[in-house]
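Peer 1: Take a look at the following structure, please.
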Amino acid sequence: MKHRIIADVSHLPTYDFGSGSPMWWGTLSFMTLEGMGFVLAIGSYFYLAYLAPGWPIAAPPPNLWPGTIVLGLLLASVIPNHMASTWARNQDLPKVRLGMVIMSIAGILPLIVRGFEFPGLQLSWDENAYGSILWFLLGLHTVHLITDVGDTIVLTVLMFTRHAHSGKRFSDVSDNAFYWDFVVFSWAVLYLVIYWFPRL
Amino acid sequence: MSDAVLRQPIRRQKEEGLKGIRDIGLDDAALHAFLSETWKTPKGFSGWLTTVDHKLIGRRYIVTAFLFLILAGLSALVMRFQLASPESGRIGPDLYNQLFTMHGTTMMFLFAVPVMEAFAVYLVPLMIGTRNVAFPRLNAFSYWVYLGGGLMIWIAFACNTGADAGWFDYVPLGGPEYGIGKRSDFWAQMVTFTEVSALAVAVEIIATVFKQRAPGMTLDRIPLYVWAVLVTSFLILFAMPAVMVSSTMLILDRLVGTHFFNQAEGGDPLLWQHLFWFFGHPEVYIIFIPATGFVSSILPTFTRRPVFGYLAIVLSLISIGFLSFGLWVHHMFATGLPQLGSSFFTASSMMIAIPSGIQIFCWIATLWGGRPIFATPLLFVLGFIFTFVIGGLTGVMVASVPLDLQVHDTYFVVAHFHYVLVGGAVFPLIGAVYYWFPKITGRMMSERLGRWSFWLIVIGFNATFFPMHILGLQGMPRRVYTYPLESGWGGMNLFVSLSALVLLAGFAVFFLNVLASLRNGRIAGDNPWNASTLEWATTSPPQPYNFARLPAVTHGEPLWAEGDTLPAIEGLRVDAREVIAGTVADATPQIREPSADNSIWPLLAALAVGATFLASIFTPWAVVWGAIPVAITLIGWFWPKGTPEDEE
């Protein structure tokens with residue numbers, strides 16, 4: 001097959017931010033499928049609640065404080081998260097390093113409080129279906145939290161090595177911030193389901 | 001490569017200040033030399049373990065899926081051997097339960113979905129004119145995870161721990177109360193393995209099709225097969241989390257005493273059915289939609305004209321995708337759900353026949369307006385149209401609640417879904433193997449054996465499965481290991497079992513043809529069928545880099561429109577792996593995207609993930625301890641290695 005050259009792409013960049021980057025679409029796809037997992041788990045919660053003669057089953061509503069503190073911490077983290085993302089887009093390495101350190105801490109703090117949330121549910125997973133689905137929802141979100149905090153810490157370390165001097169890394173930081181927003185948003189929804197629905 | 005001819009263009013590139021060595025001004029030999037080195041898979045065992053070439057991964061995916069087809073087919077034959085006569089004692093009930101469960105599970109989770117993904121992994125980059133999928137290492141990872149899941153459940157079966165509660169593992173039969181031993185746990189974890197792998201492929205196909213299409217391949221120039229796998233990938237994204245959620249709940253019920261499906265403690269067995277079928281019905285379309293993509297690829301080539309109604313077909317694919325999520329309850333009509341709800345699902349089950357029908361009319365119009373060449377791929381497409389229409393008609397029948405209640409759990413349903421799945425997906429798949437075999441291997445398959453396999457498979461299939469409609473209407477239930485002499489079903493069952501041997505002969509001829517053609521088939525050349533899409537614009541089999549110069553597209557049927565000279569772009573590096581990423585709607589180039597190099601880490605990550613899943617069948621602590629090797633391998637995977645691709 002012969003070729004007729006119609007365009008030269010030699011001066012195109014090798015990275016981009018947001019929807020210009022395939023990795024952003026990959027991240028969005030993963031968020032979609034994980035979001036679908038959340039939706040189905042929440043659907044199962046309401047399904048069981050609908051069938052039960054009373055809700056919650058044989059337990060008081062969960063202790064409000066730990067979950068609310070986690071919500072507060074996560075919502076507060078959105079600000080440094082977006083600052084880190086903006087600094088990454090500006091490719092300002094010293095600020096990105098600072099932003100990533102802050103975001104690592106902003107991820108670890110809610111994880112510590114999360115440790116108090118499980119006992120605050122006031123019943124075990126094996127007592128009844130209400131306990132099971134409660135632990136399932138909280139567990140599902142905790143897995144997301146741990147994975148993203150782990151990812152953030154690794155990326156933070158990476159930004160202090162020689163590999164940081166690459167446009168691709170800044171794009172990674174921006175995608176990481178994008179995913180963190182998803183973790184925060186999903187908790188805002190789960191928080192209402194876990195803590196406020198039983199109080200209605 | 002260091003002759004004067006080469007030095008000149010490279011010097012010019014340096015003067016321009018371009019990083020790396022570009023393809024500008026290089027002749028074909030120099031391009032081939034550079035690109036082969038950059039995109040190569042190392043020879044030997046290490047190359048086999050580390051490759052991220054979508055063609056090698058796609059090929060091994062296809063071969064593995066067909067091996068699972070053989071296993072599932074053989075288990076069906078053993079069942080037919082048992083059912084050939086009434087009150088036969090050749091197979092006991094326990095083994096029979098394992099056999100029909102392994103048959104269904106393997107066909108759905110280990111053959112049908114993976115084989116469709118396998119073809120997508122192989123074909124999509126070639127059809128859209130790029131050099132690899134968007135996330136090559138994720139692709140390698142997905143294969144290893146799939147292989148691990150398949151091996152796990154079959155090794156468990158060999159150890160008499162085969163899943164035995166049906167391919168949908170209904171609770172309470174599959175739950176802690178009745179599902180004794182570890183049989184259901186292996187089933188549930190196999191689901192986790194295969195869904196992780198399917199989701200990974202779906203993500204990479206979406207990103208690849210959205211971002212890596214050849215410049216100029218606007219939405220209305222995307223080959224219909226690519227549209228089909230794109231829609232399928234979205235279905236996977238929205239459907240498969242349901243079965244992951246439900247199988248995780250099942251394993252938690254069994255392992256740590258949760259009560260999701262335990263009615264005594266506020267759970268509900270029907271929650272399992274809702275979640276399973278929320279996945280299970282789209283699953284049918286995850287298998288069927290790519291098959292329609294095969295049909296829409298094969299038909300234009302063998303009728304020598306573009307497909308009739310491109311836009312109508314694309315819109316039909318998308319509407320089938322949406323509607324497939326509104327059908328799941330029609331699997332649960334016999335569970336006593338409210339009638340109004342059931343009516344909704346009856347309506348949507350009938351509605352999905354409309355876009356399916358539109359596609360069929362478009363295909364018939366394509367045949368009508370073309371000059372058909374009846375080569376084997378087209379024969380299988382014709383066999384598909386005939387068989388699928390019968391399956392579709394019985395589908396409309398069982399969509400109606402009163403009729404469904406009569407034939408629920410009888411052989412009528414077995415006949416129906418084999419007509420839609422084998423007729424609707426496997427026939428086009430075999431057509432696809434005949435069609436793309438020359439591209440994948442460089443050799444043609446035998447037409448004579450192709451015709452033999454076609455007639456044996458089509459006749460064998462219809463003779464095997466059509467009588468099952470009648471057996472079902474006569475009341476023969478599914479999933480019984482035997483039936484009484486007085487039932488009068490013996491004669492027809494014997495006929496079915498003998499016909500299954502004809503079907504077996506058809507598949508045997510097909511596999512023989514594959515093996516013989518690999519060695520002795522006629523050399524194919526680049527475009528043996530004179531087809532119009534981009535995968536035929538490169539060598540057969542394609543080089544590791546797919547295209548020496550990335551093509552640009554100005555027409556929906558590029559090879560028919562452009563003749564021998566294809567528009568192309570230049571400016572990419574040849575000393576580092578690079579592809580073009582462009583805008584989603586218009587495929588206007590945006591960046592030169594570095595593409596990942598070979599790596600052992602996806603395999604190591606798959607081993608860590610697999611060991612964690614496997615151990616979690618026995619102890620919940622496996623998830624905690626397993627997280628450590630999983631984290632280590634993932635960090636190893638993502639940590640930059642100092643290759644040119646990492647440093648861009």
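Within each chain, counting starts at residue 1; across the structure tokens, chains are named A, B, ... in the order shown, with ligands numbered 1 upward in that order.
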Fewer than 4 positions away in the same chain doesn't count, so skip those; otherwise give me all residues within 10 Å of Leu317 in chain B, counting only C-alpha atoms, as a PDB file with C-alpha atoms, in the first residue's frame.
Peer 2:
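To be explicit, this is the file written out as out.pdb:
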ATOM      1  CA  LEU B 224     -19.869  -0.725  12.173  1.00  0.00           C
ATOM      2  CA  TRP B 227     -19.465   0.841  16.802  1.00  0.00           C
ATOM      3  CA  ALA B 228     -20.780  -2.524  17.946  1.00  0.00           C
ATOM      4  CA  VAL B 229     -17.888  -3.207  20.328  1.00  0.00           C
ATOM      5  CA  LEU B 230     -18.038   0.361  21.607  1.00  0.00           C
ATOM      6  CA  VAL B 231     -21.700  -0.068  22.558  1.00  0.00           C
ATOM      7  CA  THR B 232     -20.836  -3.470  24.036  1.00  0.00           C
ATOM      8  CA  TYR B 285     -26.442  -8.422  24.294  1.00  0.00           C
ATOM      9  CA  ILE B 289     -24.023  -6.975  19.665  1.00  0.00           C
ATOM     10  CA  PRO B 290     -20.404  -7.717  18.652  1.00  0.00           C
ATOM     11  CA  THR B 292     -23.988  -8.118  14.690  1.00  0.00           C
ATOM     12  CA  GLY B 293     -20.801  -6.131  14.166  1.00  0.00           C
ATOM     13  CA  LEU B 311     -27.048   5.407  10.497  1.00  0.00           C
ATOM     14  CA  ALA B 312     -30.065   3.188  11.183  1.00  0.00           C
ATOM     15  CA  ILE B 313     -27.760   0.355  12.230  1.00  0.00           C
ATOM     16  CA  GLY B 321     -27.829  -1.156  24.395  1.00  0.00           C
ATOM     17  CA  PHE B 322     -30.272   1.025  26.321  1.00  0.00           C
ATOM     18  CA  LEU B 323     -33.228  -1.352  26.076  1.00  0.00           C
ATOM     19  CA  PRO B 355     -34.088  -2.230  16.634  1.00  0.00           C
ATOM     20  CA  SER B 356     -33.035  -5.864  16.133  1.00  0.00           C
ATOM     21  CA  ILE B 358     -34.245  -2.813  11.768  1.00  0.00           C
ATOM     22  CA  GLN B 359     -30.763  -4.281  11.625  1.00  0.00           C
TER      23      GLN B 359
END
Peer 1: Any idea what's packed within 10 Å of range 461-475 of chain B, counting only C-alpha atoms, ignoring anything in its chain fewer than 5 positions away? Could you give it as an NGL selection string?
Peer 2: :B and (387 or 390 or 394 or 406-419 or 422-423 or 455-456 or 487-490 or 492-504 or 506)
Peer 1: When distances are computed from only C-alpha atoms, which of A:Val149, A:Leu74, A:Ala106, A:Ile112 shows the smallest separation from chain B?
Peer 2: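 Residue with the minimum atom-to-atom distance to chain B: A:Val149.
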Peer 1: Find the residues near Glu117 in chain A: any atom within 9 Å, counting only C-alpha atoms, skip ones fewer than 5 places away on the same chain, and give them as a list in words.
Peer 2: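 So the residues in contact are Pro62, Asn63, Leu64, Trp65, Pro66, Gly67, Val70 and Leu138 of chain A.
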Peer 1: Just write the chosen residues, N, CA and C atoms, as a PDB file, in the first residue's frame.
Peer 2:
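Output file out.pdb follows:
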ATOM      1  N   PRO A  62     -27.059   4.596  62.988  1.00  0.00           N
ATOM      2  CA  PRO A  62     -25.622   4.672  63.267  1.00  0.00           C
ATOM      3  C   PRO A  62     -25.252   5.987  63.940  1.00  0.00           C
ATOM      4  N   ASN A  63     -24.200   5.943  64.724  1.00  0.00           N
ATOM      5  CA  ASN A  63     -23.665   7.136  65.372  1.00  0.00           C
ATOM      6  C   ASN A  63     -23.258   8.159  64.304  1.00  0.00           C
ATOM      7  N   LEU A  64     -23.826   9.357  64.452  1.00  0.00           N
ATOM      8  CA  LEU A  64     -23.699  10.347  63.376  1.00  0.00           C
ATOM      9  C   LEU A  64     -22.308  10.958  63.273  1.00  0.00           C
ATOM     10  N   TRP A  65     -21.591  11.039  64.404  1.00  0.00           N
ATOM     11  CA  TRP A  65     -20.392  11.882  64.435  1.00  0.00           C
ATOM     12  C   TRP A  65     -19.245  11.442  63.517  1.00  0.00           C
ATOM     13  N   PRO A  66     -18.788  10.193  63.616  1.00  0.00           N
ATOM     14  CA  PRO A  66     -17.605   9.865  62.785  1.00  0.00           C
ATOM     15  C   PRO A  66     -17.859  10.095  61.287  1.00  0.00           C
ATOM     16  N   GLY A  67     -19.038   9.674  60.820  1.00  0.00           N
ATOM     17  CA  GLY A  67     -19.347   9.832  59.391  1.00  0.00           C
ATOM     18  C   GLY A  67     -19.414  11.293  58.983  1.00  0.00           C
ATOM     19  N   VAL A  70     -15.936  12.650  58.743  1.00  0.00           N
ATOM     20  CA  VAL A  70     -15.336  12.205  57.471  1.00  0.00           C
ATOM     21  C   VAL A  70     -15.859  13.071  56.331  1.00  0.00           C
ATOM     22  N   LEU A 138     -20.220   0.765  53.583  1.00  0.00           N
ATOM     23  CA  LEU A 138     -19.078   1.457  54.183  1.00  0.00           C
ATOM     24  C   LEU A 138     -17.763   0.809  53.709  1.00  0.00           C
TER      25      LEU A 138
END
Peer 1: Contacts of range 129-131 of chain A at 9 Å or less, counting only C-alpha atoms, minus same-chain residues fewer than 3 places along, as a list of chain:residue names?
Peer 2: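 So, after excluding close chain neighbours, the residues are A:Tyr45, A:Leu48, A:Ala49, A:Trp55, A:Pro56, A:Ile57, A:Ala58, A:Ala59, A:Leu121, A:Gln122, A:Leu123, A:Ser124, A:Trp125, A:Asp126, A:Leu134, A:Trp135, A:Phe136, B:Thr258, B:His259, B:Phe260, B:Phe261, B:Asn262, B:Gln263, B:Glu265, B:Gly266, B:Gly267, B:Asp268.
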Peer 1: Which residue out of B:Ser319, B:Thr208, B:Gln98, B:Ser296 has the minimum interatomic distance to chain A when only C-alpha atoms are used?
Peer 2: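 Once distances to chain A are computed over only C-alpha atoms, the minimum belongs to B:Thr208.
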Peer 1: May I have a table of the residues of chain A lying at most 6 Å from chain B, giving each one's closest pair of atoms and their distance in Å to one decimal, counting only C-alpha atoms, ordered by chain and ascending residue number, as JSON lines?
Peer 2:
{"residue": "A:Met1", "atom": "CA", "partner": "B:Asp564", "partner_atom": "CA", "distance": 5.8}
{"residue": "A:Lys2", "atom": "CA", "partner": "B:Thr565", "partner_atom": "CA", "distance": 4.6}
{"residue": "A:His3", "atom": "CA", "partner": "B:Leu566", "partner_atom": "CA", "distance": 4.8}
{"residue": "A:Arg4", "atom": "CA", "partner": "B:Pro567", "partner_atom": "CA", "distance": 4.6}
{"residue": "A:Ile5", "atom": "CA", "partner": "B:Ala568", "partner_atom": "CA", "distance": 4.8}
{"residue": "A:Ile6", "atom": "CA", "partner": "B:Ile569", "partner_atom": "CA", "distance": 5.8}
{"residue": "A:Ala7", "atom": "CA", "partner": "B:Ile569", "partner_atom": "CA", "distance": 4.8}
{"residue": "A:Asp8", "atom": "CA", "partner": "B:Glu570", "partner_atom": "CA", "distance": 4.9}
{"residue": "A:Val9", "atom": "CA", "partner": "B:Gly571", "partner_atom": "CA", "distance": 4.8}
{"residue": "A:Ser10", "atom": "CA", "partner": "B:Gly571", "partner_atom": "CA", "distance": 3.9}
{"residue": "A:Leu12", "atom": "CA", "partner": "B:Ile591", "partner_atom": "CA", "distance": 5.3}
{"residue": "A:Pro13", "atom": "CA", "partner": "B:Ile591", "partner_atom": "CA", "distance": 5.2}
{"residue": "A:Thr14", "atom": "CA", "partner": "B:Arg592", "partner_atom": "CA", "distance": 4.6}
{"residue": "A:Pro22", "atom": "CA", "partner": "B:Ala207", "partner_atom": "CA", "distance": 5.8}
{"residue": "A:Trp25", "atom": "CA", "partner": "B:Ala207", "partner_atom": "CA", "distance": 5.7}
{"residue": "A:Gly26", "atom": "CA", "partner": "B:Ala207", "partner_atom": "CA", "distance": 5.9}
{"residue": "A:Ser29", "atom": "CA", "partner": "B:Val203", "partner_atom": "CA", "distance": 5.8}
{"residue": "A:Leu33", "atom": "CA", "partner": "B:Leu237", "partner_atom": "CA", "distance": 5.1}
{"residue": "A:Gly37", "atom": "CA", "partner": "B:Pro241", "partner_atom": "CA", "distance": 5.1}
{"residue": "A:Trp125", "atom": "CA", "partner": "B:Thr258", "partner_atom": "CA", "distance": 5.7}
{"residue": "A:Asp126", "atom": "CA", "partner": "B:Thr258", "partner_atom": "CA", "distance": 4.6}
{"residue": "A:Asn128", "atom": "CA", "partner": "B:Glu265", "partner_atom": "CA", "distance": 4.9}
{"residue": "A:Ala129", "atom": "CA", "partner": "B:His259", "partner_atom": "CA", "distance": 4.7}
{"residue": "A:Ser132", "atom": "CA", "partner": "B:Thr258", "partner_atom": "CA", "distance": 5.3}
{"residue": "A:Ser166", "atom": "CA", "partner": "B:Glu648", "partner_atom": "CA", "distance": 5.9}
Peer 1: Suppose you want the space between CA of Arg89 in chain A and CA of Thr142 in chain A; what is it in Å?
Peer 2: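 Separation of CA of Arg89 in chain A and CA of Thr142 in chain A: 28.8 Å.
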